[in-house]
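Below is structure_31.pdb, holding PDB, C-alpha atoms, pLDDT in the B column.
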ATOM      1  CA  MET G   1      12.542  39.689 -14.934  1.00 72.00           C
ATOM      2  CA  ASN G   2      11.397  40.004 -18.545  1.00 78.00           C
ATOM      3  CA  GLY G   3       7.876  39.575 -19.883  1.00 82.00           C
ATOM      4  CA  GLU G   4       8.243  35.845 -20.479  1.00 88.00           C
ATOM      5  CA  LEU G   5       9.551  35.223 -16.974  1.00 86.00           C
ATOM      6  CA  ARG G   6       6.723  37.291 -15.474  1.00 89.00           C
ATOM      7  CA  LYS G   7       4.180  35.246 -17.439  1.00 94.00           C
ATOM      8  CA  THR G   8       5.719  31.998 -16.190  1.00 95.00           C
ATOM      9  CA  TRP G   9       5.796  33.359 -12.629  1.00 95.00           C
ATOM     10  CA  ASN G  10       2.090  34.184 -12.831  1.00 96.00           C
ATOM     11  CA  GLU G  11       1.208  30.758 -14.186  1.00 97.00           C
ATOM     12  CA  ASP G  12       3.200  29.031 -11.444  1.00 98.00           C
ATOM     13  CA  HIS G  13       1.569  31.252  -8.809  1.00 98.00           C
ATOM     14  CA  LYS G  14      -1.875  30.138 -10.016  1.00 98.00           C
ATOM     15  CA  ARG G  15      -0.727  26.534  -9.695  1.00 98.00           C
ATOM     16  CA  LEU G  16       0.544  27.235  -6.187  1.00 98.00           C
ATOM     17  CA  THR G  17      -2.792  28.826  -5.239  1.00 98.00           C
ATOM     18  CA  ALA G  18      -4.595  25.634  -6.227  1.00 98.00           C
ATOM     19  CA  MET G  19      -2.424  23.340  -4.093  1.00 98.00           C
ATOM     20  CA  ILE G  20      -1.108  25.282  -1.093  1.00 98.00           C
ATOM     21  CA  LEU G  21      -3.933  24.369   1.318  1.00 98.00           C
ATOM     22  CA  ILE G  22      -3.882  20.638   0.448  1.00 98.00           C
ATOM     23  CA  PRO G  23      -1.727  18.820   3.038  1.00 97.00           C
ATOM     24  CA  ARG G  24      -0.781  15.963   0.695  1.00 98.00           C
ATOM     25  CA  GLU G  25       0.599  18.555  -1.753  1.00 98.00           C
ATOM     26  CA  HIS G  26       2.733  20.197   0.951  1.00 98.00           C
ATOM     27  CA  LYS G  27       6.151  19.141  -0.340  1.00 98.00           C
ATOM     28  CA  GLU G  28       5.480  20.279  -3.905  1.00 98.00           C
ATOM     29  CA  ALA G  29       3.738  23.467  -2.759  1.00 98.00           C
ATOM     30  CA  SER G  30       6.619  24.388  -0.445  1.00 98.00           C
ATOM     31  CA  ALA G  31       9.191  23.832  -3.188  1.00 97.00           C
ATOM     32  CA  LEU G  32       7.239  25.970  -5.643  1.00 98.00           C
ATOM     33  CA  LEU G  33       6.667  28.667  -3.027  1.00 98.00           C
ATOM     34  CA  LEU G  34      10.388  28.812  -2.236  1.00 96.00           C
ATOM     35  CA  LYS G  35      11.162  29.119  -5.942  1.00 94.00           C
ATOM     36  CA  LEU G  36       8.612  31.876  -6.656  1.00 95.00           C
ATOM     37  CA  HIS G  37       9.600  33.843  -3.578  1.00 96.00           C
ATOM     38  CA  GLY G  38      13.300  33.394  -4.328  1.00 92.00           C
ATOM     39  CA  LEU G  39      12.902  34.815  -7.822  1.00 90.00           C
ATOM     40  CA  LEU G  40      11.715  38.072  -6.252  1.00 91.00           C
ATOM     41  CA  HIS G  41      14.566  38.267  -3.753  1.00 86.00           C
ATOM     42  CA  GLY G  42      17.407  36.634  -5.656  1.00 67.00           C
ATOM     43  CA  ALA G  43      19.799  36.210  -2.763  1.00 48.00           C
ATOM     44  CA  CYS G  44      17.447  33.635  -1.223  1.00 50.00           C
ATOM     45  CA  GLY G  45      17.038  29.911  -1.590  1.00 44.00           C
ATOM     46  CA  ASP G  46      18.442  28.032  -4.573  1.00 45.00           C
ATOM     47  CA  THR G  47      18.371  30.923  -7.052  1.00 42.00           C
ATOM     48  CA  ASP G  48      21.705  32.293  -8.243  1.00 46.00           C
ATOM     49  CA  GLY G  49      20.577  35.924  -8.147  1.00 44.00           C
ATOM     50  CA  SER G  50      20.535  36.317 -11.924  1.00 49.00           C
ATOM     51  CA  ALA G  51      16.741  36.566 -12.023  1.00 49.00           C
ATOM     52  CA  ASP G  52      16.439  38.655  -8.861  1.00 64.00           C
ATOM     53  CA  TYR G  53      13.879  41.361  -9.396  1.00 70.00           C
ATOM     54  CA  GLY G  54      14.269  43.827  -6.532  1.00 73.00           C
ATOM     55  CA  GLU G  55      18.040  43.805  -6.149  1.00 74.00           C
ATOM     56  CA  ARG G  56      18.583  44.472  -9.860  1.00 74.00           C
ATOM     57  CA  ILE G  57      16.304  47.499  -9.573  1.00 77.00           C
ATOM     58  CA  LEU G  58      18.219  48.919  -6.621  1.00 74.00           C
ATOM     59  CA  LYS G  59      21.654  48.270  -8.087  1.00 75.00           C
ATOM     60  CA  GLY G  60      20.872  49.063 -11.707  1.00 76.00           C
ATOM     61  CA  THR G  61      18.998  52.357 -11.364  1.00 86.00           C
ATOM     62  CA  LYS G  62      20.428  55.805 -10.667  1.00 91.00           C
ATOM     63  CA  GLU G  63      19.786  57.103  -7.171  1.00 93.00           C
ATOM     64  CA  GLU G  64      17.925  60.155  -8.457  1.00 95.00           C
ATOM     65  CA  ALA G  65      15.407  57.877 -10.182  1.00 93.00           C
ATOM     66  CA  LEU G  66      15.088  55.626  -7.131  1.00 95.00           C
ATOM     67  CA  ARG G  67      14.211  58.593  -4.911  1.00 96.00           C
ATOM     68  CA  ARG G  68      12.020  60.592  -7.301  1.00 96.00           C
ATOM     69  CA  TYR G  69       8.663  61.555  -5.762  1.00 97.00           C
ATOM     70  CA  PRO G  70       6.067  61.975  -7.043  1.00 96.00           C
ATOM     71  CA  VAL G  71       6.485  59.897 -10.171  1.00 95.00           C
ATOM     72  CA  GLU G  72       4.437  60.045 -13.343  1.00 87.00           C
ATOM     73  CA  SER G  73       2.973  56.580 -13.756  1.00 88.00           C
ATOM     74  CA  THR G  74      -0.471  55.272 -14.587  1.00 87.00           C
ATOM     75  CA  ASP G  75      -0.928  53.375 -11.326  1.00 91.00           C
ATOM     76  CA  THR G  76       1.243  55.075  -8.690  1.00 95.00           C
ATOM     77  CA  ARG G  77       2.755  58.388  -7.564  1.00 95.00           C
ATOM     78  CA  ASN G  78       5.072  56.734  -5.062  1.00 97.00           C
ATOM     79  CA  SER G  79       8.844  56.495  -5.422  1.00 97.00           C
ATOM     80  CA  ILE G  80      10.704  53.335  -6.329  1.00 95.00           C
ATOM     81  CA  VAL G  81      12.345  53.204  -2.889  1.00 96.00           C
ATOM     82  CA  TRP G  82       8.939  53.462  -1.228  1.00 98.00           C
ATOM     83  CA  HIS G  83       7.614  50.486  -3.210  1.00 97.00           C
ATOM     84  CA  LEU G  84      10.640  48.363  -2.319  1.00 95.00           C
ATOM     85  CA  TRP G  85      10.564  49.398   1.356  1.00 97.00           C
ATOM     86  CA  HIS G  86       6.796  48.998   1.728  1.00 98.00           C
ATOM     87  CA  SER G  87       6.692  45.523   0.203  1.00 97.00           C
ATOM     88  CA  ALA G  88       9.573  44.412   2.450  1.00 97.00           C
ATOM     89  CA  ARG G  89       7.875  45.896   5.536  1.00 98.00           C
ATOM     90  CA  VAL G  90       4.595  44.113   4.837  1.00 98.00           C
ATOM     91  CA  GLU G  91       6.432  40.829   4.271  1.00 98.00           C
ATOM     92  CA  ASP G  92       8.423  41.301   7.479  1.00 98.00           C
ATOM     93  CA  ILE G  93       5.292  42.006   9.551  1.00 98.00           C
ATOM     94  CA  THR G  94       3.184  39.172   8.184  1.00 98.00           C
ATOM     95  CA  MET G  95       5.795  36.440   7.984  1.00 98.00           C
ATOM     96  CA  ASN G  96       7.426  37.073  11.343  1.00 98.00           C
ATOM     97  CA  MET G  97       4.730  38.521  13.583  1.00 98.00           C
ATOM     98  CA  LEU G  98       1.734  36.661  12.153  1.00 98.00           C
ATOM     99  CA  VAL G  99       3.083  33.381  10.748  1.00 98.00           C
ATOM    100  CA  ALA G 100       6.121  32.603  12.910  1.00 98.00           C
ATOM    101  CA  GLY G 101       5.160  34.580  16.021  1.00 97.00           C
ATOM    102  CA  THR G 102       8.667  36.020  16.288  1.00 97.00           C
ATOM    103  CA  GLU G 103      10.178  39.496  16.280  1.00 97.00           C
ATOM    104  CA  GLN G 104      10.498  41.419  13.053  1.00 98.00           C
ATOM    105  CA  VAL G 105      13.682  41.579  11.016  1.00 98.00           C
ATOM    106  CA  LEU G 106      13.343  45.356  11.473  1.00 98.00           C
ATOM    107  CA  ASP G 107      14.110  44.846  15.169  1.00 96.00           C
ATOM    108  CA  THR G 108      17.504  43.302  14.376  1.00 94.00           C
ATOM    109  CA  ASP G 109      20.366  45.400  15.742  1.00 93.00           C
ATOM    110  CA  GLY G 110      21.312  48.170  13.341  1.00 93.00           C
ATOM    111  CA  MET G 111      18.568  47.483  10.795  1.00 96.00           C
ATOM    112  CA  LEU G 112      16.452  50.574  11.458  1.00 94.00           C
ATOM    113  CA  GLN G 113      19.570  52.739  11.692  1.00 96.00           C
ATOM    114  CA  GLY G 114      20.700  51.468   8.301  1.00 97.00           C
ATOM    115  CA  LEU G 115      17.357  52.411   6.795  1.00 98.00           C
ATOM    116  CA  ASN G 116      17.855  55.944   8.189  1.00 98.00           C
ATOM    117  CA  ILE G 117      14.134  56.732   8.468  1.00 98.00           C
ATOM    118  CA  ARG G 118      11.757  57.329  11.360  1.00 97.00           C
ATOM    119  CA  PHE G 119       8.954  55.168   9.955  1.00 97.00           C
ATOM    120  CA  SER G 120       8.567  51.642  11.330  1.00 97.00           C
ATOM    121  CA  HIS G 121       4.993  50.896  10.241  1.00 97.00           C
ATOM    122  CA  SER G 122       3.814  49.204   7.036  1.00 98.00           C
ATOM    123  CA  GLY G 123       3.839  52.383   4.959  1.00 97.00           C
ATOM    124  CA  ASN G 124       0.120  52.434   4.204  1.00 97.00           C
ATOM    125  CA  GLU G 125      -1.835  55.721   4.334  1.00 96.00           C
ATOM    126  CA  MET G 126       1.260  57.944   4.411  1.00 97.00           C
ATOM    127  CA  THR G 127       0.871  61.638   3.666  1.00 97.00           C
ATOM    128  CA  GLU G 128       2.593  63.290   0.715  1.00 97.00           C
ATOM    129  CA  GLU G 129       5.006  64.982   3.116  1.00 98.00           C
ATOM    130  CA  GLU G 130       5.896  61.642   4.696  1.00 98.00           C
ATOM    131  CA  MET G 131       6.338  60.038   1.271  1.00 98.00           C
ATOM    132  CA  ALA G 132       8.694  62.826   0.216  1.00 98.00           C
ATOM    133  CA  GLU G 133      10.657  62.542   3.465  1.00 98.00           C
ATOM    134  CA  LEU G 134      11.093  58.778   3.194  1.00 98.00           C
ATOM    135  CA  SER G 135      12.047  58.977  -0.470  1.00 98.00           C
ATOM    136  CA  ALA G 136      14.741  61.564   0.220  1.00 98.00           C
ATOM    137  CA  GLU G 137      16.221  60.077   3.392  1.00 98.00           C
ATOM    138  CA  ILE G 138      16.059  56.266   3.212  1.00 98.00           C
ATOM    139  CA  GLY G 139      19.472  54.605   3.023  1.00 97.00           C
ATOM    140  CA  ILE G 140      19.806  52.687  -0.242  1.00 94.00           C
ATOM    141  CA  GLU G 141      22.338  50.180   1.104  1.00 93.00           C
ATOM    142  CA  GLY G 142      20.255  49.809   4.242  1.00 96.00           C
ATOM    143  CA  LEU G 143      17.181  49.108   2.139  1.00 94.00           C
ATOM    144  CA  LEU G 144      19.078  46.487   0.147  1.00 91.00           C
ATOM    145  CA  ALA G 145      20.277  44.817   3.364  1.00 93.00           C
ATOM    146  CA  TYR G 146      16.754  44.883   4.801  1.00 96.00           C
ATOM    147  CA  ARG G 147      15.210  43.292   1.696  1.00 93.00           C
ATOM    148  CA  ARG G 148      17.833  40.556   1.723  1.00 92.00           C
ATOM    149  CA  ALA G 149      17.321  39.809   5.410  1.00 95.00           C
ATOM    150  CA  VAL G 150      13.524  39.782   5.144  1.00 96.00           C
ATOM    151  CA  GLY G 151      13.674  37.475   2.129  1.00 95.00           C
ATOM    152  CA  GLN G 152      16.089  35.066   3.799  1.00 95.00           C
ATOM    153  CA  ARG G 153      13.961  34.919   6.937  1.00 97.00           C
ATOM    154  CA  THR G 154      10.833  34.176   4.904  1.00 97.00           C
ATOM    155  CA  GLN G 155      12.626  31.309   3.164  1.00 97.00           C
ATOM    156  CA  GLU G 156      13.524  29.873   6.564  1.00 97.00           C
ATOM    157  CA  ILE G 157       9.920  30.162   7.767  1.00 98.00           C
ATOM    158  CA  ILE G 158       8.563  28.441   4.652  1.00 98.00           C
ATOM    159  CA  ALA G 159      11.059  25.594   4.997  1.00 97.00           C
ATOM    160  CA  SER G 160      10.092  25.088   8.658  1.00 98.00           C
ATOM    161  CA  LEU G 161       6.371  24.550   8.040  1.00 98.00           C
ATOM    162  CA  GLU G 162       4.915  21.047   8.351  1.00 98.00           C
ATOM    163  CA  PRO G 163       2.129  19.482   6.243  1.00 98.00           C
ATOM    164  CA  GLY G 164      -1.220  20.993   7.222  1.00 98.00           C
ATOM    165  CA  GLN G 165       0.230  24.199   8.681  1.00 98.00           C
ATOM    166  CA  PHE G 166      -0.580  26.238   5.583  1.00 98.00           C
ATOM    167  CA  ARG G 167      -4.203  25.798   6.668  1.00 98.00           C
ATOM    168  CA  ASN G 168      -3.645  27.382  10.094  1.00 98.00           C
ATOM    169  CA  LYS G 169      -5.522  30.621  10.731  1.00 97.00           C
ATOM    170  CA  VAL G 170      -3.860  33.792  11.948  1.00 97.00           C
ATOM    171  CA  THR G 171      -4.539  34.145  15.682  1.00 97.00           C
ATOM    172  CA  ALA G 172      -6.236  37.167  17.239  1.00 97.00           C
ATOM    173  CA  GLU G 173      -3.331  37.497  19.697  1.00 97.00           C
ATOM    174  CA  ARG G 174      -0.821  37.960  16.904  1.00 98.00           C
ATOM    175  CA  ILE G 175      -3.036  40.472  15.134  1.00 98.00           C
ATOM    176  CA  GLU G 176      -3.299  42.448  18.349  1.00 97.00           C
ATOM    177  CA  ASN G 177       0.477  42.339  18.755  1.00 97.00           C
ATOM    178  CA  VAL G 178       0.844  43.989  15.339  1.00 98.00           C
ATOM    179  CA  ARG G 179      -1.411  46.807  16.532  1.00 97.00           C
ATOM    180  CA  GLU G 180       0.318  47.173  19.898  1.00 96.00           C
ATOM    181  CA  GLN G 181       3.766  47.418  18.330  1.00 96.00           C
ATOM    182  CA  GLY G 182       2.613  50.060  15.842  1.00 96.00           C
ATOM    183  CA  ALA G 183       3.543  47.943  12.835  1.00 97.00           C
ATOM    184  CA  VAL G 184       0.301  49.197  11.280  1.00 97.00           C
ATOM    185  CA  THR G 185      -1.081  52.670  11.972  1.00 96.00           C
ATOM    186  CA  GLU G 186      -4.603  53.335  13.262  1.00 95.00           C
ATOM    187  CA  LYS G 187      -5.585  54.718   9.841  1.00 96.00           C
ATOM    188  CA  SER G 188      -4.449  51.425   8.300  1.00 97.00           C
ATOM    189  CA  ASP G 189      -6.334  49.120  10.658  1.00 96.00           C
ATOM    190  CA  TRP G 190      -8.259  47.822   7.642  1.00 97.00           C
ATOM    191  CA  LEU G 191      -5.052  45.942   6.852  1.00 97.00           C
ATOM    192  CA  THR G 192      -4.985  44.032  10.139  1.00 97.00           C
ATOM    193  CA  LYS G 193      -8.654  43.180   9.646  1.00 96.00           C
ATOM    194  CA  TYR G 194      -7.803  41.825   6.193  1.00 97.00           C
ATOM    195  CA  TRP G 195      -4.929  39.733   7.562  1.00 97.00           C
ATOM    196  CA  SER G 196      -7.070  38.401  10.423  1.00 97.00           C
ATOM    197  CA  GLY G 197      -9.191  36.448   7.951  1.00 93.00           C
ATOM    198  CA  LYS G 198      -6.192  34.768   6.311  1.00 97.00           C
ATOM    199  CA  THR G 199      -4.611  31.352   6.648  1.00 98.00           C
ATOM    200  CA  VAL G 200      -0.849  30.915   6.698  1.00 98.00           C
ATOM    201  CA  GLY G 201      -1.087  29.751   3.091  1.00 98.00           C
ATOM    202  CA  GLY G 202      -3.137  32.803   2.223  1.00 98.00           C
ATOM    203  CA  LEU G 203      -0.440  35.083   3.636  1.00 98.00           C
ATOM    204  CA  MET G 204       2.181  33.226   1.634  1.00 98.00           C
ATOM    205  CA  LEU G 205       0.208  33.942  -1.525  1.00 98.00           C
ATOM    206  CA  MET G 206      -0.541  37.535  -0.532  1.00 97.00           C
ATOM    207  CA  PRO G 207       1.583  39.365   0.575  1.00 97.00           C
ATOM    208  CA  ALA G 208       4.760  37.217   0.650  1.00 98.00           C
ATOM    209  CA  THR G 209       4.715  36.563  -3.091  1.00 98.00           C
ATOM    210  CA  ARG G 210       1.953  38.359  -5.028  1.00 97.00           C
ATOM    211  CA  HIS G 211       2.219  41.666  -3.143  1.00 97.00           C
ATOM    212  CA  ASN G 212       5.962  41.798  -3.781  1.00 96.00           C
ATOM    213  CA  PHE G 213       5.435  40.917  -7.436  1.00 95.00           C
ATOM    214  CA  VAL G 214       2.856  43.695  -7.920  1.00 96.00           C
ATOM    215  CA  HIS G 215       5.068  46.386  -6.374  1.00 95.00           C
ATOM    216  CA  LEU G 216       8.168  45.256  -8.241  1.00 93.00           C
ATOM    217  CA  ASN G 217       6.209  45.436 -11.493  1.00 92.00           C
ATOM    218  CA  LYS G 218       5.168  48.986 -10.629  1.00 94.00           C
ATOM    219  CA  THR G 219       8.784  49.978 -10.111  1.00 92.00           C
ATOM    220  CA  MET G 220       9.712  48.553 -13.513  1.00 89.00           C
ATOM    221  CA  ARG G 221       6.971  50.595 -15.158  1.00 90.00           C
ATOM    222  CA  ILE G 222       8.330  53.727 -13.470  1.00 92.00           C
ATOM    223  CA  ILE G 223      11.831  52.948 -14.735  1.00 89.00           C
ATOM    224  CA  SER G 224      10.584  52.223 -18.261  1.00 85.00           C
ATOM    225  CA  LYS G 225       8.766  55.566 -18.388  1.00 85.00           C
ATOM    226  CA  LEU G 226      11.821  57.442 -17.153  1.00 80.00           C
ATOM    227  CA  GLN G 227      13.977  55.752 -19.786  1.00 76.00           C
ATOM    228  CA  ARG G 228      11.576  56.680 -22.578  1.00 75.00           C
ATOM    229  CA  ARG G 229      11.742  60.344 -21.535  1.00 69.00           C
ATOM    230  CA  ARG G 230      15.527  60.507 -21.939  1.00 59.00           C
TER
END
Write the structure described by the file as structure tokens, please.
Amino acid sequence: MNGELRKTWNEDHKRLTAMILIPREHKEASALLLKLHGLLHGACGDTDGSADYGERILKGTKEEALRRYPVESTDTRNSIVWHLWHSARVEDITMNMLVAGTEQVLDTDGMLQGLNIRFSHSGNEMTEEEMAELSAEIGIEGLLAYRRAVGQRTQEIIASLEPGQFRNKVTAERIENVREQGAVTEKSDWLTKYWSGKTVGGLMLMPATRHNFVHLNKTMRIISKLQRRR
């Protein structure tokens, strides 16, 4: 996604923010949401994959660069694979456990094994040792499969919502389920408190779209810096 496409994405996201909680705008808001989300995942929805942000990073970058930790960047020390995994984990937790009230994509048979890591939480508040471990051990193909599956499931959830449901609040029971299943660590309980004040529409804006966009942009800045050093 080049600079012009990122600018357009941002402008469309502002337009989505203005309409997503208005029931009479549901059809247009849903269509725009599916488009913006699909541009980040590529293999989802009506996009042809050519503008996919995350998959191009995984497939077009050398493994050594994907796993490098720590990185030298102005706004992060975390590896590219961590950013891609973390953003997918947060989307999986919020869209499935909080919005749909269903099990996570992570719980699909073979998904955690494909990722080849011991971490099943959101990835917030990890130690440097844990960051280094994840960066070295995560399965690249497993990560790609996980991102695809999470993105596809989110598209299905968006398409299933009826007018007015973007205004629904996250229930306390679902927040508690996130805690009980260890999807967020005790040190990261600030995150569940943040989510507990959100509507479904609010979660669609952040994290399902904006959070992904921010982390994908960070990975591109890491790649650009590595390329300049060659």
Exercise. Restricting the calculation to only C-alpha atoms, which member of G:Arg68, G:Arg77, G:Lys7, G:His211 is positioned closest to Glu137 (chain G)?
Worked result: G:Arg68
For this session: For the file shown, report as an NGL selection string the outcome of the PyMOL selection byres ((chain G and resi 193) around 12) at residue level.
Result: :G and (170-172 or 174-176 or 178-179 or 184 or 186-192 or 194-198)
Export of prior selection with C-alpha atoms as a JSON list (two decimals), in the frame of the given file:
[["chain", "number", "residue", "atom", "x", "y", "z"],
["G", 170, "VAL", "CA", -3.86, 33.79, 11.95],
["G", 171, "THR", "CA", -4.54, 34.15, 15.68],
["G", 172, "ALA", "CA", -6.24, 37.17, 17.24],
["G", 174, "ARG", "CA", -0.82, 37.96, 16.90],
["G", 175, "ILE", "CA", -3.04, 40.47, 15.13],
["G", 176, "GLU", "CA", -3.30, 42.45, 18.35],
["G", 178, "VAL", "CA", 0.84, 43.99, 15.34],
["G", 179, "ARG", "CA", -1.41, 46.81, 16.53],
["G", 184, "VAL", "CA", 0.30, 49.20, 11.28],
["G", 186, "GLU", "CA", -4.60, 53.34, 13.26],
["G", 187, "LYS", "CA", -5.58, 54.72, 9.84],
["G", 188, "SER", "CA", -4.45, 51.42, 8.30],
["G", 189, "ASP", "CA", -6.33, 49.12, 10.66],
["G", 190, "TRP", "CA", -8.26, 47.82, 7.64],
["G", 191, "LEU", "CA", -5.05, 45.94, 6.85],
["G", 192, "THR", "CA", -4.99, 44.03, 10.14],
["G", 194, "TYR", "CA", -7.80, 41.82, 6.19],
["G", 195, "TRP", "CA", -4.93, 39.73, 7.56],
["G", 196, "SER", "CA", -7.07, 38.40, 10.42],
["G", 197, "GLY", "CA", -9.19, 36.45, 7.95],
["G", 198, "LYS", "CA", -6.19, 34.77, 6.31]]
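Each of G:Asn177, G:Gln152, G:Ser79, G:Thr199 was checked against Glu91 (chain G) using all atoms listed in the file; the smallest atom-to-atom distance is that of G:Gln152.
Proximity ranking of G:Glu11, G:Asp92, G:Leu58, G:Leu143 relative to Gly114 (chain G) places G:Leu143 first, based on all atoms listed in the file.
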For this session: Could you tell me which residues the PyMOL selection byres ((chain G and resi 55-57) around 12) returns for this structure, as a ChimeraX atom specification?
Result: /G:1,38-44,49-54,58-63,65-66,80-81,83-85,140-141,143-148,151,215-224
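The smallest atom-to-atom distance between Gly139 (chain G) and any of G:Lys169, G:Arg210, G:Arg67, G:His13, using only C-alpha atoms, is found for G:Arg67.
From CA of Thr185 (chain G) back to CA of Glu125 (chain G), the distance works out to 8.3 Å.
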For this session: Take the PyMOL selection byres ((chain G and resi 163-168) around 12), apply it to the structure above, and return the hits as an NGL selection string.
Result: :G and (16-17 or 19-30 or 33 or 98-100 or 157-162 or 169-171 or 196-205)
Got time to write the residues from that selection, C-alpha atoms, as a PDB file, in the frame of the given file?
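again-v8.pdb, freshly written:
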ATOM      1  CA  LEU G  16       0.544  27.235  -6.187  1.00 98.00           C
ATOM      2  CA  THR G  17      -2.792  28.826  -5.239  1.00 98.00           C
ATOM      3  CA  MET G  19      -2.424  23.340  -4.093  1.00 98.00           C
ATOM      4  CA  ILE G  20      -1.108  25.282  -1.093  1.00 98.00           C
ATOM      5  CA  LEU G  21      -3.933  24.369   1.318  1.00 98.00           C
ATOM      6  CA  ILE G  22      -3.882  20.638   0.448  1.00 98.00           C
ATOM      7  CA  PRO G  23      -1.727  18.820   3.038  1.00 97.00           C
ATOM      8  CA  ARG G  24      -0.781  15.963   0.695  1.00 98.00           C
ATOM      9  CA  GLU G  25       0.599  18.555  -1.753  1.00 98.00           C
ATOM     10  CA  HIS G  26       2.733  20.197   0.951  1.00 98.00           C
ATOM     11  CA  LYS G  27       6.151  19.141  -0.340  1.00 98.00           C
ATOM     12  CA  GLU G  28       5.480  20.279  -3.905  1.00 98.00           C
ATOM     13  CA  ALA G  29       3.738  23.467  -2.759  1.00 98.00           C
ATOM     14  CA  SER G  30       6.619  24.388  -0.445  1.00 98.00           C
ATOM     15  CA  LEU G  33       6.667  28.667  -3.027  1.00 98.00           C
ATOM     16  CA  LEU G  98       1.734  36.661  12.153  1.00 98.00           C
ATOM     17  CA  VAL G  99       3.083  33.381  10.748  1.00 98.00           C
ATOM     18  CA  ALA G 100       6.121  32.603  12.910  1.00 98.00           C
ATOM     19  CA  ILE G 157       9.920  30.162   7.767  1.00 98.00           C
ATOM     20  CA  ILE G 158       8.563  28.441   4.652  1.00 98.00           C
ATOM     21  CA  ALA G 159      11.059  25.594   4.997  1.00 97.00           C
ATOM     22  CA  SER G 160      10.092  25.088   8.658  1.00 98.00           C
ATOM     23  CA  LEU G 161       6.371  24.550   8.040  1.00 98.00           C
ATOM     24  CA  GLU G 162       4.915  21.047   8.351  1.00 98.00           C
ATOM     25  CA  LYS G 169      -5.522  30.621  10.731  1.00 97.00           C
ATOM     26  CA  VAL G 170      -3.860  33.792  11.948  1.00 97.00           C
ATOM     27  CA  THR G 171      -4.539  34.145  15.682  1.00 97.00           C
ATOM     28  CA  SER G 196      -7.070  38.401  10.423  1.00 97.00           C
ATOM     29  CA  GLY G 197      -9.191  36.448   7.951  1.00 93.00           C
ATOM     30  CA  LYS G 198      -6.192  34.768   6.311  1.00 97.00           C
ATOM     31  CA  THR G 199      -4.611  31.352   6.648  1.00 98.00           C
ATOM     32  CA  VAL G 200      -0.849  30.915   6.698  1.00 98.00           C
ATOM     33  CA  GLY G 201      -1.087  29.751   3.091  1.00 98.00           C
ATOM     34  CA  GLY G 202      -3.137  32.803   2.223  1.00 98.00           C
ATOM     35  CA  LEU G 203      -0.440  35.083   3.636  1.00 98.00           C
ATOM     36  CA  MET G 204       2.181  33.226   1.634  1.00 98.00           C
ATOM     37  CA  LEU G 205       0.208  33.942  -1.525  1.00 98.00           C
TER      38      LEU G 205
END
Find the smallest box with edges along x, y and z containing every listed atom of region 188-199 of chain G, then add 6 Å on each side and report centre and edge lengths in Å to one decimal, as JSON.
{"center_x": -6.8, "center_y": 41.4, "center_z": 8.4, "size_x": 16.7, "size_y": 32.1, "size_z": 16.5}
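Proximity to Ser87 (chain G) was assessed for G:Arg6, G:Arg153, G:His121, G:Lys14 counting only C-alpha atoms; the smallest distance is recorded for G:His121.
CA of Val105 (chain G) to CA of Leu134 (chain G) spans 19.1 Å [interatomic distance, one decimal].
The residue set within 8 Å of Ser122 (chain G), counting all atoms listed in the file and dropping same-chain residues fewer than 3 places from it, reads His86, Arg89, Val90, Ile93, Ala183, Val184 and Thr185 of chain G.
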Exercise. Can you tell me how far CA of Gly142 (chain G) sits from CA of Met111 (chain G), in Å to one decimal?
Worked result: 7.2 Å
